[in-house]
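Chemist: Provided below: input_18.tsv, containing TSV, C-alpha atoms.
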```tsv
chain	number	residue	atom	x	y	z
S	22	MET	CA	33.94	57.46	134.96
S	23	SER	CA	35.56	56.49	131.70
S	24	ASN	CA	37.57	53.37	131.11
S	25	SER	CA	40.78	55.35	130.57
S	26	SER	CA	40.65	56.86	134.08
S	27	LEU	CA	40.80	53.52	135.91
S	28	ARG	CA	44.23	52.50	137.10
S	29	PRO	CA	45.30	48.86	136.59
S	30	GLU	CA	45.23	48.32	140.37
S	31	VAL	CA	41.56	49.31	140.49
S	32	VAL	CA	40.69	47.02	137.58
S	33	ALA	CA	42.51	44.16	139.34
S	34	ILE	CA	40.56	44.78	142.55
S	35	ILE	CA	37.29	44.81	140.59
S	36	ALA	CA	38.19	41.37	139.20
S	37	TYR	CA	38.00	39.89	142.70
S	38	LEU	CA	34.55	41.31	143.44
S	39	THR	CA	32.12	38.54	142.42
S	40	PRO	CA	31.99	36.86	139.01
S	41	PHE	CA	30.30	39.99	137.64
S	42	GLY	CA	33.31	42.00	138.74
S	43	LEU	CA	35.53	39.52	136.91
S	44	ILE	CA	33.56	40.07	133.70
S	45	ALA	CA	33.66	43.85	134.15
S	46	ALA	CA	37.42	43.80	134.82
S	47	TYR	CA	37.99	41.68	131.72
S	48	PHE	CA	36.22	44.21	129.51
S	49	LEU	CA	37.85	47.17	131.27
S	50	ASN	CA	41.28	45.67	130.59
S	51	LYS	CA	40.52	44.20	127.17
S	52	ASN	CA	41.68	47.17	125.11
S	53	LYS	CA	44.35	48.38	127.52
S	54	GLY	CA	46.10	45.05	127.88
S	55	ASP	CA	47.72	45.99	131.19
S	56	ILE	CA	49.91	43.15	132.49
S	57	PHE	CA	49.05	43.66	136.19
S	58	ALA	CA	45.29	43.73	135.65
S	59	GLY	CA	45.47	40.88	133.13
S	60	PHE	CA	47.39	38.73	135.62
S	61	HIS	CA	44.71	39.17	138.25
S	62	VAL	CA	41.84	38.67	135.79
S	63	LYS	CA	43.31	35.30	134.78
S	64	ASN	CA	44.00	34.41	138.40
S	65	MET	CA	40.42	35.15	139.46
S	66	PHE	CA	39.07	33.29	136.43
S	67	GLY	CA	40.96	30.19	137.61
S	68	ILE	CA	39.77	30.59	141.20
S	69	THR	CA	36.18	31.00	139.98
S	70	LEU	CA	36.42	27.85	137.85
S	71	LEU	CA	37.89	25.96	140.79
S	72	HIS	CA	34.99	27.05	142.98
S	73	TYR	CA	32.37	26.13	140.39
S	74	MET	CA	33.99	22.72	139.96
S	75	GLY	CA	33.58	22.23	143.71
S	76	VAL	CA	29.93	23.23	143.50
S	77	LEU	CA	29.43	20.83	140.58
S	78	PHE	CA	31.00	17.96	142.51
S	79	GLY	CA	28.78	18.80	145.47
S	80	SER	CA	25.68	18.55	143.31
S	81	MET	CA	26.90	15.16	142.11
S	82	GLY	CA	27.01	13.89	145.69
S	83	LEU	CA	30.81	14.01	146.05
S	84	GLY	CA	30.75	15.87	149.36
S	85	VAL	CA	34.39	15.56	150.35
S	86	LEU	CA	35.68	16.74	146.98
S	87	HIS	CA	33.14	19.57	147.08
S	88	GLU	CA	34.36	20.72	150.49
S	89	VAL	CA	38.04	20.50	149.56
S	90	LEU	CA	37.70	22.44	146.30
S	91	CYS	CA	35.47	25.11	147.83
S	92	PHE	CA	37.84	25.50	150.78
S	93	ILE	CA	40.86	25.82	148.47
S	94	SER	CA	39.06	28.33	146.26
S	95	ILE	CA	38.02	30.49	149.23
S	96	LEU	CA	41.53	30.50	150.67
S	97	SER	CA	42.92	31.25	147.21
S	98	TRP	CA	40.54	34.18	146.84
S	99	ILE	CA	41.52	35.62	150.23
S	100	LEU	CA	45.25	35.29	149.53
S	101	SER	CA	44.92	36.75	146.03
S	102	PHE	CA	42.74	39.63	147.21
S	103	VAL	CA	45.27	40.56	149.90
S	104	ARG	CA	48.06	40.42	147.31
S	105	VAL	CA	46.21	42.68	144.89
S	106	LEU	CA	45.62	45.17	147.72
S	107	LEU	CA	49.39	45.08	148.37
S	108	LYS	CA	49.91	45.68	144.61
S	109	GLN	CA	51.78	42.41	144.16
S	110	MET	CA	51.64	40.53	140.90
S	111	ALA	CA	51.22	37.20	142.65
S	112	GLY	CA	48.36	34.95	143.52
S	113	VAL	CA	48.21	31.45	144.86
S	114	PRO	CA	51.60	29.69	144.86
S	115	TYR	CA	51.88	27.26	141.93
S	116	LEU	CA	48.27	27.70	140.81
S	117	ASP	CA	48.75	31.30	139.65
S	118	GLN	CA	51.43	30.25	137.15
S	119	LEU	CA	49.19	27.47	135.84
S	120	PHE	CA	46.29	29.92	135.52
S	121	GLN	CA	48.52	32.29	133.52
S	122	GLN	CA	49.42	29.50	131.09
S	123	TRP	CA	45.96	28.00	130.76
S	124	PHE	CA	44.01	31.22	130.34
S	125	LYS	CA	46.15	33.13	127.85
S	126	PHE	CA	43.03	33.61	125.74
S	127	LEU	CA	41.95	36.25	128.26
S	128	ASP	CA	44.82	38.57	127.26
```
Kindly transcribe the structure held in the file into structure tokens.
Modeler:
Amino acid sequence: MSNSSLRPEVVAIIAYLTPFGLIAAYFLNKNKGDIFAGFHVKNMFGITLLHYMGVLFGSMGLGVLHEVLCFISILSWILSFVRVLLKQMAGVPYLDQLFQQWFKFLD
């Protein structure tokens, strides 16, 4: 299947399937520059960073912070995945707008 045959909704769904899916979706959308797929790539990038920060804090012995960040990242992933399945250009309230501002380099 060639890159040009993938719809933006499919690329956005791929972004939410593991960190490898995020990388694949980034490269699939890199030349197209679709707004919908780009939104969800940046959103998942932020959720992934949030989760890895939680894992890092856990390895540093900060158990409560680890649990809170991992819980928030898992809930964020679930909410965002449901929204991409509903073809909504929305993610986690408040965080999705921050992710769009912070990760403009992914456009």
Chemist: Neighbours of stretch 102-118 of chain S within 12 Å (all atoms listed in the file; same-chain residues fewer than 6 positions away dropped), as a PDB file with C-alpha atoms, in the coordinates of the input?
Modeler:
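Full text of out_24.pdb as output:
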```pdb
ATOM      1  CA  ARG S  28      44.230  52.500 137.100  1.00  0.00           C
ATOM      2  CA  PRO S  29      45.300  48.860 136.590  1.00  0.00           C
ATOM      3  CA  GLU S  30      45.230  48.320 140.370  1.00  0.00           C
ATOM      4  CA  VAL S  31      41.560  49.310 140.490  1.00  0.00           C
ATOM      5  CA  VAL S  32      40.690  47.020 137.580  1.00  0.00           C
ATOM      6  CA  ALA S  33      42.510  44.160 139.340  1.00  0.00           C
ATOM      7  CA  ILE S  34      40.560  44.780 142.550  1.00  0.00           C
ATOM      8  CA  ILE S  35      37.290  44.810 140.590  1.00  0.00           C
ATOM      9  CA  ALA S  36      38.190  41.370 139.200  1.00  0.00           C
ATOM     10  CA  TYR S  37      38.000  39.890 142.700  1.00  0.00           C
ATOM     11  CA  LEU S  38      34.550  41.310 143.440  1.00  0.00           C
ATOM     12  CA  THR S  39      32.120  38.540 142.420  1.00  0.00           C
ATOM     13  CA  ASP S  55      47.720  45.990 131.190  1.00  0.00           C
ATOM     14  CA  ILE S  56      49.910  43.150 132.490  1.00  0.00           C
ATOM     15  CA  PHE S  57      49.050  43.660 136.190  1.00  0.00           C
ATOM     16  CA  ALA S  58      45.290  43.730 135.650  1.00  0.00           C
ATOM     17  CA  GLY S  59      45.470  40.880 133.130  1.00  0.00           C
ATOM     18  CA  PHE S  60      47.390  38.730 135.620  1.00  0.00           C
ATOM     19  CA  HIS S  61      44.710  39.170 138.250  1.00  0.00           C
ATOM     20  CA  VAL S  62      41.840  38.670 135.790  1.00  0.00           C
ATOM     21  CA  LYS S  63      43.310  35.300 134.780  1.00  0.00           C
ATOM     22  CA  ASN S  64      44.000  34.410 138.400  1.00  0.00           C
ATOM     23  CA  MET S  65      40.420  35.150 139.460  1.00  0.00           C
ATOM     24  CA  PHE S  66      39.070  33.290 136.430  1.00  0.00           C
ATOM     25  CA  GLY S  67      40.960  30.190 137.610  1.00  0.00           C
ATOM     26  CA  ILE S  68      39.770  30.590 141.200  1.00  0.00           C
ATOM     27  CA  LEU S  71      37.890  25.960 140.790  1.00  0.00           C
ATOM     28  CA  ILE S  93      40.860  25.820 148.470  1.00  0.00           C
ATOM     29  CA  SER S  94      39.060  28.330 146.260  1.00  0.00           C
ATOM     30  CA  ILE S  95      38.020  30.490 149.230  1.00  0.00           C
ATOM     31  CA  LEU S  96      41.530  30.500 150.670  1.00  0.00           C
ATOM     32  CA  PHE S 124      44.010  31.220 130.340  1.00  0.00           C
ATOM     33  CA  LYS S 125      46.150  33.130 127.850  1.00  0.00           C
TER      34      LYS S 125
END
```
Chemist: Kindly give the distance, in Å, that separates atom CA of S:Trp123 and atom CA of S:Leu70, rounded to a single decimal.
Modeler: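 Spanning atom CA of S:Trp123 to atom CA of S:Leu70 is a straight-line distance of 11.9 Å.
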Chemist: Check the smallest atom-to-atom distance from each of S:Asp128, S:Phe78, S:Trp98, S:Leu90 to S:Phe48 using all atoms listed in the file, then report the winner.
Modeler: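 Result for the nearest residue to S:Phe48: S:Asp128.
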Chemist: How far is it from atom CA of S:Gly42 to atom CA of S:Met81, in Å with one decimal?
Modeler: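 It comes out at 27.8 Å.
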Chemist: Just checking: using all atoms listed in the file, which residue out of S:Cys91, S:Ile99, S:Val85, S:Leu27 ends up closest to S:Tyr73?
Modeler: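 Result for the nearest residue to S:Tyr73: S:Cys91.
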Chemist: What's the separation between atom CA of S:Gly75 and atom CA of S:Gln122, in Å to one decimal place?
Modeler: 21.5 Å
